[in-house]
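K.L.:
Contents of model-v4.cif (mmCIF, C-alpha atoms) are below:
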```cif
data_upload
#
loop_
_atom_site.label_atom_id
_atom_site.label_comp_id
_atom_site.auth_asym_id
_atom_site.auth_seq_id
_atom_site.Cartn_x
_atom_site.Cartn_y
_atom_site.Cartn_z
CA MET A 132 2.07 14.05 -13.71
CA ILE A 133 2.08 16.89 -11.25
CA ILE A 134 5.38 17.20 -9.44
CA ALA A 135 5.28 18.44 -5.88
CA GLN A 136 7.85 18.62 -3.14
CA GLN A 137 7.25 18.66 0.56
CA LYS A 138 7.58 21.94 2.38
CA PRO A 139 10.34 22.18 5.00
CA ILE A 140 9.23 20.33 8.13
CA GLN A 141 9.66 23.46 10.25
CA GLU A 142 7.18 25.29 8.04
CA ILE A 143 4.60 22.51 8.39
CA ALA A 144 5.20 22.29 12.15
CA GLU A 145 4.68 26.05 12.47
CA MET A 146 1.30 25.80 10.68
CA ILE A 147 0.01 23.23 13.17
CA LYS A 148 1.73 24.51 16.30
CA ASP A 149 -1.59 25.17 18.06
CA CYS A 150 -3.13 21.82 17.13
CA ARG A 151 -3.41 18.80 19.40
CA LYS A 152 -4.68 16.38 16.77
CA VAL A 153 -4.24 16.54 13.02
CA LEU A 154 -5.33 14.46 10.07
CA LEU A 155 -2.65 13.95 7.44
CA VAL A 156 -4.10 13.11 4.05
CA GLY A 157 -1.93 11.67 1.32
CA CYS A 158 -2.87 11.13 -2.30
CA ALA A 159 -2.32 7.98 -4.33
CA GLY A 160 -2.11 9.96 -7.57
CA CYS A 161 0.76 12.01 -8.95
CA VAL A 162 2.37 12.79 -5.59
CA THR A 163 2.73 9.09 -4.85
CA VAL A 164 4.57 8.64 -8.13
CA CYS A 165 6.83 11.62 -7.48
CA LEU A 166 7.45 10.28 -3.97
CA SER A 167 6.32 13.31 -2.03
CA GLY A 168 2.79 12.66 -0.77
CA GLY A 169 1.90 8.98 -0.95
CA GLU A 170 1.25 6.53 1.86
CA LYS A 171 4.90 6.27 2.81
CA GLU A 172 5.57 10.00 2.84
CA THR A 173 2.36 10.64 4.78
CA GLU A 174 3.41 8.23 7.51
CA ILE A 175 6.94 9.60 7.60
CA LEU A 176 5.64 13.15 7.97
CA ALA A 177 3.27 12.05 10.74
CA SER A 178 6.12 10.33 12.55
CA GLU A 179 8.41 13.36 12.17
CA LEU A 180 5.76 15.71 13.52
CA ARG A 181 5.00 13.43 16.48
CA ILE A 182 8.68 13.13 17.39
CA MET A 183 9.19 16.86 17.01
CA ARG A 184 6.27 17.69 19.25
CA LYS A 185 7.21 15.09 21.83
CA LEU A 186 10.64 16.69 22.03
CA GLN A 187 8.90 19.99 22.70
CA ASP A 188 6.85 18.37 25.47
CA ASN A 189 3.70 19.12 23.53
CA PRO A 190 2.51 15.79 22.11
CA LEU A 191 0.65 15.67 18.84
CA GLU A 192 -1.88 13.05 17.88
CA THR A 193 -1.96 12.12 14.22
CA VAL A 194 -4.36 10.26 11.99
CA THR A 195 -3.30 9.33 8.48
CA PHE A 196 -5.30 8.46 5.40
CA VAL A 197 -4.46 8.19 1.73
CA CYS A 198 -7.11 9.03 -0.86
CA THR A 199 -7.12 7.30 -4.22
CA ARG A 200 -7.13 10.82 -5.65
CA GLN A 201 -7.73 14.07 -3.83
CA CYS A 202 -8.78 15.82 -7.03
CA ASP A 203 -12.03 13.86 -7.36
CA PRO A 204 -14.88 14.60 -4.93
CA GLU A 205 -15.91 10.94 -4.53
CA TYR A 206 -12.47 9.93 -3.33
CA ILE A 207 -12.37 12.39 -0.45
CA THR A 208 -15.68 11.31 1.04
CA PRO A 209 -13.95 8.64 3.23
CA LEU A 210 -12.45 11.57 5.15
CA ASP A 211 -15.89 12.46 6.51
CA ASN A 212 -15.49 9.99 9.38
CA LEU A 213 -11.99 11.13 10.23
CA VAL A 214 -12.24 14.90 10.43
CA GLU A 215 -14.65 15.32 13.31
CA ASP A 216 -12.24 15.71 16.21
CA VAL A 217 -9.14 17.00 14.44
CA ASP A 218 -7.91 20.56 14.80
CA ALA A 219 -6.50 20.68 11.28
CA ILE A 220 -6.17 18.68 8.09
CA VAL A 221 -2.76 18.60 6.46
CA SER A 222 -2.96 17.62 2.81
CA LEU A 223 0.01 16.05 1.08
CA ALA A 224 -1.64 16.35 -2.33
CA CYS A 225 -0.93 18.98 -4.94
CA GLY A 226 -2.67 22.34 -4.66
CA VAL A 227 -5.76 20.86 -6.28
CA GLY A 228 -6.19 18.25 -3.56
CA VAL A 229 -5.76 20.81 -0.79
CA GLN A 230 -8.55 22.93 -2.28
CA TYR A 231 -10.88 19.97 -2.76
CA VAL A 232 -10.44 18.96 0.86
CA ALA A 233 -10.94 22.57 1.99
CA GLU A 234 -14.14 22.82 -0.06
CA ARG A 235 -15.52 19.60 1.37
CA PHE A 236 -14.84 20.62 4.98
CA PRO A 237 -15.67 24.33 5.22
CA THR A 238 -15.32 24.39 9.01
CA LYS A 239 -11.89 22.77 9.05
CA TRP A 240 -8.47 24.38 8.89
CA VAL A 241 -6.91 22.75 5.81
CA LEU A 242 -3.17 23.17 5.29
CA PRO A 243 -0.78 22.32 2.45
CA ALA A 244 2.25 20.16 3.22
CA GLN A 245 3.58 20.47 -0.31
CA ASN A 246 4.75 23.00 -2.81
CA THR A 247 3.26 22.12 -6.17
CA ASN A 248 6.02 22.67 -8.66
CA PHE A 249 5.32 21.65 -12.22
CA ILE A 250 3.96 19.18 -14.75
CA GLY A 251 6.64 16.76 -15.76
CA GLY A 252 8.00 13.26 -15.75
CA SER A 253 10.85 11.28 -14.30
CA ILE A 254 14.27 11.29 -15.93
CA GLU A 255 15.45 8.52 -13.65
CA HIS A 256 14.32 7.26 -10.26
CA GLY A 257 14.36 10.30 -8.00
CA ILE A 258 14.78 12.96 -10.69
CA TRP A 259 11.88 14.76 -12.32
CA GLU A 260 11.86 17.39 -15.02
CA GLU A 261 9.34 19.89 -16.31
CA ARG A 262 7.83 18.99 -19.67
CA CYS A 263 4.55 20.87 -20.16
CA GLY A 264 3.71 24.53 -19.72
CA LEU A 265 -0.08 24.01 -19.85
CA CYS A 266 -0.39 26.66 -22.56
CA GLY A 267 -3.67 25.17 -23.77
CA ASN A 268 -2.67 25.13 -27.42
CA CYS A 269 -0.14 22.41 -28.13
CA ILE A 270 2.51 23.04 -30.77
CA LEU A 271 4.55 19.86 -30.38
CA HIS A 272 3.69 18.90 -33.97
CA LEU A 273 5.71 21.90 -35.13
CA THR A 274 8.73 21.27 -32.96
CA GLY A 275 9.52 17.59 -33.25
CA GLY A 276 7.88 16.65 -29.99
CA ILE A 277 10.02 19.00 -27.90
CA CYS A 278 8.17 21.84 -26.21
CA PRO A 279 9.81 25.25 -26.54
CA ILE A 280 7.15 26.84 -24.35
CA ILE A 281 8.38 25.13 -21.21
CA ARG A 282 11.81 23.86 -22.13
CA CYS A 283 13.11 27.09 -23.65
CA SER A 284 13.86 29.61 -20.92
CA LYS A 285 12.33 32.36 -23.07
CA SER A 286 9.48 30.23 -24.46
CA ILE A 287 10.30 31.52 -27.91
CA LEU A 288 8.59 30.06 -30.97
CA ASN A 289 11.30 30.81 -33.52
CA GLY A 290 14.57 29.81 -31.91
CA PRO A 291 17.25 29.44 -30.98
CA CYS A 292 18.19 32.79 -29.52
CA GLY A 293 21.71 34.16 -29.16
CA GLY A 294 22.01 32.63 -25.72
CA SER A 295 22.31 29.11 -27.08
CA GLN A 296 25.89 27.95 -26.67
CA TYR A 297 27.24 24.47 -27.36
CA GLY A 298 23.74 23.04 -27.01
CA LYS A 299 23.15 24.64 -23.61
CA CYS A 300 21.00 27.53 -22.51
CA GLU A 301 22.70 30.65 -21.20
CA VAL A 302 20.48 30.48 -18.12
CA SER A 303 22.28 27.40 -16.82
CA LYS A 304 24.94 25.04 -18.08
CA ASP A 305 22.69 22.19 -16.91
CA THR A 306 19.79 23.29 -19.10
CA PRO A 307 19.84 22.02 -22.66
CA CYS A 308 18.83 24.57 -25.28
CA ALA A 309 15.36 23.40 -26.31
CA TRP A 310 15.80 24.88 -29.75
CA GLN A 311 19.07 23.02 -30.26
CA LEU A 312 17.19 19.82 -29.33
CA ILE A 313 14.40 20.75 -31.73
CA TYR A 314 16.87 21.50 -34.54
CA ASP A 315 18.73 18.22 -34.00
CA ARG A 316 15.54 16.22 -33.96
CA MET A 317 14.04 17.90 -37.01
CA GLN A 318 17.34 17.35 -38.82
CA SER A 319 17.33 13.64 -37.98
CA LEU A 320 13.71 13.44 -39.17
CA GLY A 321 14.61 15.25 -42.40
CA LYS A 322 12.11 17.95 -41.64
CA LEU A 323 14.32 21.01 -41.21
CA ASP A 324 12.24 22.85 -43.81
CA LYS A 325 9.39 22.95 -41.28
CA LEU A 326 11.50 25.25 -39.13
CA LEU A 327 11.67 27.80 -41.93
CA GLU A 328 8.02 28.60 -41.35
CA ILE A 329 7.94 31.64 -39.09
CA GLN A 330 5.55 31.15 -36.23
CA PRO A 331 3.39 34.18 -35.43
CA PRO A 332 3.06 35.42 -31.84
CA LYS A 333 1.23 32.83 -29.76
CA ASP A 334 -2.34 33.42 -28.63
CA TRP A 335 -1.92 33.09 -24.89
CA SER A 336 -5.62 33.41 -24.13
CA THR A 337 -5.85 29.62 -23.91
CA ALA A 338 -3.16 29.62 -21.25
CA ARG A 339 -3.40 30.92 -17.69
CA HIS A 340 -3.30 34.47 -19.08
CA GLY A 341 -6.94 34.08 -20.09
CA GLY A 342 -7.99 33.60 -16.46
CA PRO A 343 -8.95 30.37 -14.64
CA ARG A 344 -9.78 27.60 -17.09
CA ARG A 345 -12.42 24.93 -17.20
CA ALA A 346 -12.85 21.89 -19.42
CA VAL A 347 -16.28 20.47 -20.22
CA ARG A 348 -17.29 17.15 -21.82
CA GLU A 349 -21.07 17.51 -22.26
CA ASP A 350 -21.51 13.88 -23.35
CA VAL A 351 -20.24 12.42 -20.08
CA ILE A 352 -22.06 14.74 -17.69
CA ILE A 353 -24.56 12.69 -15.68
CA GLY A 354 -27.95 14.14 -14.87
CA MET B 300 24.69 10.76 32.78
CA ALA B 301 23.31 8.05 34.95
CA GLY B 302 25.95 5.31 35.20
CA ASP B 303 23.37 2.56 35.30
CA PHE B 304 21.70 3.59 32.06
CA GLU B 305 21.33 0.57 29.82
CA PRO B 306 20.25 1.68 26.37
CA LYS B 307 17.91 -0.19 24.10
CA ILE B 308 19.49 -0.49 20.69
CA VAL B 309 17.77 -2.00 17.70
CA ALA B 310 20.04 -3.51 15.08
CA PHE B 311 18.51 -4.23 11.69
CA CYS B 312 20.80 -6.92 10.34
CA CYS B 313 21.01 -8.35 6.87
CA HIS B 314 20.59 -12.13 6.81
CA TYR B 315 23.61 -12.58 4.53
CA CYS B 316 26.14 -10.65 6.54
CA ALA B 317 25.47 -8.96 9.88
CA TYR B 318 23.02 -11.59 11.08
CA SER B 319 25.42 -14.38 10.18
CA ALA B 320 28.23 -12.37 11.74
CA ALA B 321 26.18 -12.21 14.94
CA ASP B 322 25.86 -15.99 14.75
CA LEU B 323 29.59 -16.30 14.29
CA ALA B 324 30.23 -13.96 17.20
CA GLY B 325 28.08 -16.29 19.28
CA SER B 326 29.92 -19.41 18.06
CA MET B 327 33.21 -17.72 18.85
CA ARG B 328 31.92 -17.01 22.36
CA LEU B 329 32.58 -13.32 21.88
CA GLN B 330 31.06 -11.03 24.45
CA TYR B 331 28.99 -8.09 23.33
CA PRO B 332 26.48 -5.96 25.22
CA THR B 333 23.00 -7.29 25.80
CA ASN B 334 21.62 -3.90 24.82
CA ILE B 335 21.42 -4.93 21.18
CA ARG B 336 18.09 -6.22 19.90
CA ILE B 337 18.65 -7.83 16.53
CA VAL B 338 16.04 -7.78 13.79
CA GLU B 339 16.88 -10.10 10.92
CA MET B 340 16.20 -8.75 7.44
CA THR B 341 16.35 -10.47 4.09
CA CYS B 342 18.52 -7.57 2.93
CA SER B 343 19.52 -4.28 4.54
CA GLY B 344 17.96 -2.70 1.43
CA ASN B 345 14.59 -3.61 2.91
CA ILE B 346 14.95 -0.96 5.57
CA ASP B 347 12.23 1.64 5.45
CA HIS B 348 12.34 5.20 6.80
CA ARG B 349 9.17 4.48 8.75
CA VAL B 350 10.63 1.44 10.50
CA ILE B 351 13.58 3.46 11.79
CA LEU B 352 11.41 6.35 12.96
CA ASN B 353 9.00 3.89 14.53
CA ALA B 354 11.81 2.22 16.46
CA PHE B 355 12.72 5.58 18.00
CA GLU B 356 9.09 6.41 18.72
CA GLU B 357 8.62 3.04 20.40
CA GLY B 358 11.50 3.57 22.78
CA ALA B 359 14.79 2.73 21.09
CA ASP B 360 17.71 4.82 22.33
CA GLY B 361 19.74 3.91 19.29
CA VAL B 362 19.22 2.18 15.96
CA TYR B 363 21.66 0.82 13.46
CA VAL B 364 21.36 -0.92 10.16
CA ALA B 365 24.06 -3.38 9.16
CA GLY B 366 24.47 -4.47 5.58
CA CYS B 367 27.04 -6.29 3.48
CA MET B 368 30.42 -4.89 2.47
CA GLU B 369 30.17 -2.54 -0.49
CA GLY B 370 30.02 -4.52 -3.70
CA ASP B 371 29.07 -7.74 -1.87
CA CYS B 372 25.28 -7.36 -1.54
CA HIS B 373 23.48 -10.61 -2.28
CA PHE B 374 20.88 -8.49 -4.08
CA LEU B 375 23.54 -6.34 -5.76
CA LYS B 376 22.65 -2.86 -4.50
CA GLY B 377 20.56 -3.30 -1.36
CA ASN B 378 23.30 -2.13 0.98
CA TYR B 379 23.93 1.05 -1.02
CA ARG B 380 20.23 1.83 -0.94
CA ALA B 381 20.05 1.12 2.79
CA LYS B 382 22.98 3.47 3.41
CA LYS B 383 21.34 6.22 1.38
CA ARG B 384 18.08 5.74 3.25
CA VAL B 385 19.76 5.78 6.64
CA ASN B 386 21.60 8.97 5.70
CA HIS B 387 18.31 10.49 4.61
CA VAL B 388 16.64 9.59 7.91
CA LYS B 389 19.64 11.06 9.74
CA LYS B 390 18.97 14.32 7.90
CA LEU B 391 15.27 14.16 8.79
CA LEU B 392 16.14 13.56 12.44
CA GLU B 393 18.47 16.55 12.50
CA GLU B 394 15.73 18.72 10.98
CA ILE B 395 13.35 17.83 13.78
CA GLY B 396 15.93 18.37 16.50
CA PHE B 397 16.73 14.73 17.26
CA ASP B 398 20.41 13.77 17.55
CA SER B 399 21.20 11.78 14.40
CA ARG B 400 24.19 10.10 16.08
CA ARG B 401 21.64 7.73 17.55
CA LEU B 402 21.30 6.22 14.08
CA GLU B 403 24.11 4.57 12.15
CA PHE B 404 24.84 2.37 9.18
CA TYR B 405 27.58 -0.29 9.14
CA ASN B 406 29.06 -2.55 6.51
CA LEU B 407 30.35 -5.97 7.46
CA SER B 408 30.57 -9.51 6.15
CA ALA B 409 29.35 -12.85 7.50
CA ALA B 410 32.95 -13.69 8.42
CA MET B 411 33.27 -10.66 10.69
CA GLY B 412 32.09 -12.03 14.01
CA PRO B 413 34.61 -9.96 15.98
CA ARG B 414 33.64 -6.84 14.02
CA PHE B 415 29.99 -7.47 14.88
CA ALA B 416 30.86 -7.53 18.58
CA GLU B 417 33.01 -4.42 18.09
CA ILE B 418 30.12 -2.55 16.43
CA ALA B 419 27.75 -3.61 19.21
CA ASN B 420 30.23 -2.27 21.77
CA GLU B 421 30.87 0.90 19.79
CA MET B 422 27.19 1.70 19.39
CA THR B 423 26.36 0.87 23.01
CA GLN B 424 29.18 3.10 24.17
CA ARG B 425 28.03 5.92 21.91
CA ILE B 426 24.44 5.74 23.11
CA LYS B 427 25.53 5.51 26.76
CA GLU B 428 27.46 8.73 26.23
CA LEU B 429 24.47 10.39 24.57
CA GLY B 430 22.18 9.23 27.38
CA PRO B 431 18.58 8.07 27.13
CA SER B 432 16.64 9.11 24.05
CA PRO B 433 14.83 12.39 24.71
CA LEU B 434 11.69 10.62 23.52
CA ASN B 435 12.03 8.16 26.40
CA LYS B 436 12.93 10.80 28.95
CA LYS B 437 9.52 12.31 28.64
CA GLU B 438 7.78 8.95 28.81
CA ASN B 439 6.14 8.76 32.25
CA GLY B 440 8.94 10.94 33.60
CA LYS B 441 11.12 7.85 33.79
CA GLU B 442 14.49 8.19 32.12
CA GLY B 443 15.56 5.63 29.59
CA ASP B 444 12.51 3.50 30.11
CA GLY B 445 10.83 3.53 26.74
CA LYS B 446 7.68 1.67 25.99
#
```
Represent the structure from my file as structure tokens, please.
P.N.:
Amino acid sequence: MIIAQQKPIQEIAEMIKDCRKVLLVGCAGCVTVCLSGGEKETEILASELRIMRKLQDNPLETVTFVCTRQCDPEYITPLDNLVEDVDAIVSLACGVGVQYVAERFPTKWVLPAQNTNFIGGSIEHGIWEERCGLCGNCILHLTGGICPIIRCSKSILNGPCGGSQYGKCEVSKDTPCAWQLIYDRMQSLGKLDKLLEIQPPKDWSTARHGGPRRAVREDVIIG
Amino acid sequence: MAGDFEPKIVAFCCHYCAYSAADLAGSMRLQYPTNIRIVEMTCSGNIDHRVILNAFEEGADGVYVAGCMEGDCHFLKGNYRAKKRVNHVKKLLEEIGFDSRRLEFYNLSAAMGPRFAEIANEMTQRIKELGPSPLNKKENGKEGDGK
């Protein structure tokens, strides 16, 4: 899922300082699972902003709504009835959701309440870790299911490097060396010989380096 | 601060400890301030950030959550979770410029009737010293008269 974290409340308050009424839009997708932009977080943010503004003697009216997903046009249509009299829309979705809402309401000031951080999963309740670098050309079959692109600080394809010490990366003692993990796993699978194959430089054109990407499934396009 | 200020304090009390302790305090004929409005909960771990914030928005001058003694939660970890949540809301309140001393978490057991009365006194005293909630002050220009 996409992992996002809410911006500092002061930053969000500053964005809407001239507004009298705002619509806060949560998302029931990834940001609900990573506990930063679901129904609960949307209501908490609304409450915080109202209290803050009341303390400043400048009351703020809030409306809240949570879309099933903000990254699908059909799920943001329910906002049509809510945006009319608001001065701004604050989206608690990832960067995708913010842009979809902005595209749907060209005359509205749409603001992000979150910083979209990475693609990852939960390690335990309340802790999330990055797991995919979105390189567009998966190599997990070569590395025992452990991604060196995102989990190795240098994204090297033929590791480990000299910075691997006692299973940790030199960047931080809290970061496991991805290549140590890969080596250990391949060893336990009896496939160490696979690591003797030297991987050529990666073609990064499938990643972000090739410009904005688009995926098309012709067979499911309607019309 | 106005001497006649009588704060409104909402106490979210766990059924298995604080709420029973309140009962005991009553049976023991212990006196505690009438400023406390008790909300019974199945477990303090049920407390939600939104409920606390809402209490303040709706006119509470103080809020506290009372759960079981550590290690004694009927649901094993509810009181630890409640404490964490309360501490988190305290942080949120500080960030938005609202005095977090208006919110507190207490541990007590069902046998602690006198402690319940003591907490009620302690919290009432604290809120009296802090004065009416700034959210109430600005309500109709009438101090300490929330919704």
K.L.:
Please identify all residues of chain A having at least one atom at most 8 Å from any atom of chain B, considering all atoms listed in the file, and return them as a PyMOL selection string.
P.N.:
chain A and resi 140-141+171+174-175+178-180+182-183+185-186+188
K.L.:
Record the distance separating CA of Leu429 in chain B and CA of Asp303 in chain B, expressed in Å with one decimal.
P.N.:
13.3 Å
K.L.:
Distance CA of Arg336 in chain B-CA of Ala310 in chain B, one decimal place?
P.N.:
5.9 Å
K.L.:
Counting all atoms listed in the file, which residues come within 12 Å of (15.3, 17.3, -34.4), with the point read in the file's coordinates, and could you list them as a list in words?
P.N.:
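Residues with an atom at most 12 Å from (15.3, 17.3, -34.4): Leu271, His272, Leu273, Thr274, Gly275, Gly276, Ile277, Cys278, Ala309, Trp310, Gln311, Leu312, Ile313, Tyr314, Asp315, Arg316, Met317, Gln318, Ser319, Leu320, Gly321, Lys322, Leu323, Asp324, Lys325 and Leu326 of chain A.
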K.L.:
Enter the distance from CA of Leu176 in chain A to CA of Gly377 in chain B, in Å, rounded to one decimal.
P.N.:
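So the answer is 24.1 Å.
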K.L.:
Which residues, named as in the file, does the PyMOL selection byres ((chain B and resi 422) around 9) pick out? Answer as a tab-separated table (two decimals) with C-alpha atoms, in the coordinates of the input.
P.N.:
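And here's part_27.tsv as it stands now:
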```tsv
chain	number	residue	atom	x	y	z
B	308	ILE	CA	19.49	-0.49	20.69
B	335	ILE	CA	21.42	-4.93	21.18
B	361	GLY	CA	19.74	3.91	19.29
B	362	VAL	CA	19.22	2.18	15.96
B	363	TYR	CA	21.66	0.82	13.46
B	401	ARG	CA	21.64	7.73	17.55
B	403	GLU	CA	24.11	4.57	12.15
B	417	GLU	CA	33.01	-4.42	18.09
B	418	ILE	CA	30.12	-2.55	16.43
B	419	ALA	CA	27.75	-3.61	19.21
B	420	ASN	CA	30.23	-2.27	21.77
B	421	GLU	CA	30.87	0.90	19.79
B	423	THR	CA	26.36	0.87	23.01
B	424	GLN	CA	29.18	3.10	24.17
B	425	ARG	CA	28.03	5.92	21.91
B	426	ILE	CA	24.44	5.74	23.11
B	427	LYS	CA	25.53	5.51	26.76
```
K.L.:
Tell me which residues the PyMOL selection byres ((chain B and resi 317-319) around 7) grabs here, as a ChimeraX atom specification.
P.N.:
/B:312-316,320-323,339,365-366,407-409,415
K.L.:
Check which residues satisfy the PyMOL selection byres ((chain A and resi 336-348) around 9) in the file shown, then give them as a VMD selection string.
P.N.:
chain A and resid 264 to 268 333 to 335 349 to 352
K.L.:
Do you know which residues lie at most 9 Å from (34.9, -8.9, 24.4), with coordinates as in the file and all atoms listed in the file counted, and could you write them as a VMD selection string?
P.N.:
chain B and resid 328 to 332 413 416 to 417 420
K.L.:
Listed atoms of range 270-282 of chain A, axis-aligned box, 3 Å per side: centre and edge lengths to one decimal in Å, as JSON?
P.N.:
```
{"center_x": 7.2, "center_y": 21.7, "center_z": -28.2, "size_x": 15.3, "size_y": 16.2, "size_z": 19.9}
```
K.L.:
Would you kindly return, as an mmCIF file with C-alpha atoms, in the coordinates of the input, each protein, DNA or RNA residue with an atom no farther than 7 Å from any atom of Leu154 in chain A, considering all atoms listed in the file and excluding same-chain residues fewer than 5 positions away?
P.N.:
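The resulting file, part00.cif, is reproduced below:
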```cif
data_model
loop_
_atom_site.group_PDB
_atom_site.id
_atom_site.type_symbol
_atom_site.label_atom_id
_atom_site.label_comp_id
_atom_site.auth_asym_id
_atom_site.auth_seq_id
_atom_site.Cartn_x
_atom_site.Cartn_y
_atom_site.Cartn_z
ATOM 1 C CA THR A 193 -1.960 12.120 14.220
ATOM 2 C CA VAL A 194 -4.360 10.260 11.990
ATOM 3 C CA THR A 195 -3.300 9.330 8.480
ATOM 4 C CA VAL A 214 -12.240 14.900 10.430
ATOM 5 C CA VAL A 217 -9.140 17.000 14.440
ATOM 6 C CA ALA A 219 -6.500 20.680 11.280
ATOM 7 C CA ILE A 220 -6.170 18.680 8.090
ATOM 8 C CA VAL A 221 -2.760 18.600 6.460
#
```
K.L.:
Can you tell me which residues surround Ile258 in chain A at a distance of at most 12 Å, considering only C-alpha atoms, apart from same-chain residues fewer than 2 positions away, and format the answer as a ChimeraX atom specification?
P.N.:
/A:134-136,164-166,251-256,260-261
K.L.:
Near Gly168 in chain A, counting only C-alpha atoms, which residues have an atom at most 12 Å away, once you skip same-chain residues fewer than 4 positions from it, shown as a PDB file with C-alpha atoms, keeping the file's coordinate frame?
P.N.:
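For reference, selection29.pdb as written:
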```
ATOM      1  CA  ILE A 133       2.080  16.890 -11.250  1.00  0.00           C
ATOM      2  CA  ILE A 134       5.380  17.200  -9.440  1.00  0.00           C
ATOM      3  CA  ALA A 135       5.280  18.440  -5.880  1.00  0.00           C
ATOM      4  CA  GLN A 136       7.850  18.620  -3.140  1.00  0.00           C
ATOM      5  CA  GLN A 137       7.250  18.660   0.560  1.00  0.00           C
ATOM      6  CA  LYS A 138       7.580  21.940   2.380  1.00  0.00           C
ATOM      7  CA  LEU A 155      -2.650  13.950   7.440  1.00  0.00           C
ATOM      8  CA  VAL A 156      -4.100  13.110   4.050  1.00  0.00           C
ATOM      9  CA  GLY A 157      -1.930  11.670   1.320  1.00  0.00           C
ATOM     10  CA  CYS A 158      -2.870  11.130  -2.300  1.00  0.00           C
ATOM     11  CA  ALA A 159      -2.320   7.980  -4.330  1.00  0.00           C
ATOM     12  CA  GLY A 160      -2.110   9.960  -7.570  1.00  0.00           C
ATOM     13  CA  CYS A 161       0.760  12.010  -8.950  1.00  0.00           C
ATOM     14  CA  VAL A 162       2.370  12.790  -5.590  1.00  0.00           C
ATOM     15  CA  THR A 163       2.730   9.090  -4.850  1.00  0.00           C
ATOM     16  CA  VAL A 164       4.570   8.640  -8.130  1.00  0.00           C
ATOM     17  CA  GLU A 172       5.570  10.000   2.840  1.00  0.00           C
ATOM     18  CA  THR A 173       2.360  10.640   4.780  1.00  0.00           C
ATOM     19  CA  GLU A 174       3.410   8.230   7.510  1.00  0.00           C
ATOM     20  CA  ILE A 175       6.940   9.600   7.600  1.00  0.00           C
ATOM     21  CA  LEU A 176       5.640  13.150   7.970  1.00  0.00           C
ATOM     22  CA  ALA A 177       3.270  12.050  10.740  1.00  0.00           C
ATOM     23  CA  THR A 195      -3.300   9.330   8.480  1.00  0.00           C
ATOM     24  CA  PHE A 196      -5.300   8.460   5.400  1.00  0.00           C
ATOM     25  CA  VAL A 197      -4.460   8.190   1.730  1.00  0.00           C
ATOM     26  CA  CYS A 198      -7.110   9.030  -0.860  1.00  0.00           C
ATOM     27  CA  THR A 199      -7.120   7.300  -4.220  1.00  0.00           C
ATOM     28  CA  ARG A 200      -7.130  10.820  -5.650  1.00  0.00           C
ATOM     29  CA  GLN A 201      -7.730  14.070  -3.830  1.00  0.00           C
ATOM     30  CA  VAL A 221      -2.760  18.600   6.460  1.00  0.00           C
ATOM     31  CA  SER A 222      -2.960  17.620   2.810  1.00  0.00           C
ATOM     32  CA  LEU A 223       0.010  16.050   1.080  1.00  0.00           C
ATOM     33  CA  ALA A 224      -1.640  16.350  -2.330  1.00  0.00           C
ATOM     34  CA  CYS A 225      -0.930  18.980  -4.940  1.00  0.00           C
ATOM     35  CA  GLY A 226      -2.670  22.340  -4.660  1.00  0.00           C
ATOM     36  CA  GLY A 228      -6.190  18.250  -3.560  1.00  0.00           C
ATOM     37  CA  VAL A 229      -5.760  20.810  -0.790  1.00  0.00           C
ATOM     38  CA  PRO A 243      -0.780  22.320   2.450  1.00  0.00           C
ATOM     39  CA  ALA A 244       2.250  20.160   3.220  1.00  0.00           C
ATOM     40  CA  GLN A 245       3.580  20.470  -0.310  1.00  0.00           C
ATOM     41  CA  ASN A 246       4.750  23.000  -2.810  1.00  0.00           C
ATOM     42  CA  THR A 247       3.260  22.120  -6.170  1.00  0.00           C
TER      43      THR A 247
END
```
K.L.:
For Pro237 in chain A, which of A:Glu145, A:Asp211, A:Gly354, A:Ser303 is the closest residue, counting only C-alpha atoms?
P.N.:
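The answer is A:Asp211, which sits nearest to Pro237 in chain A.
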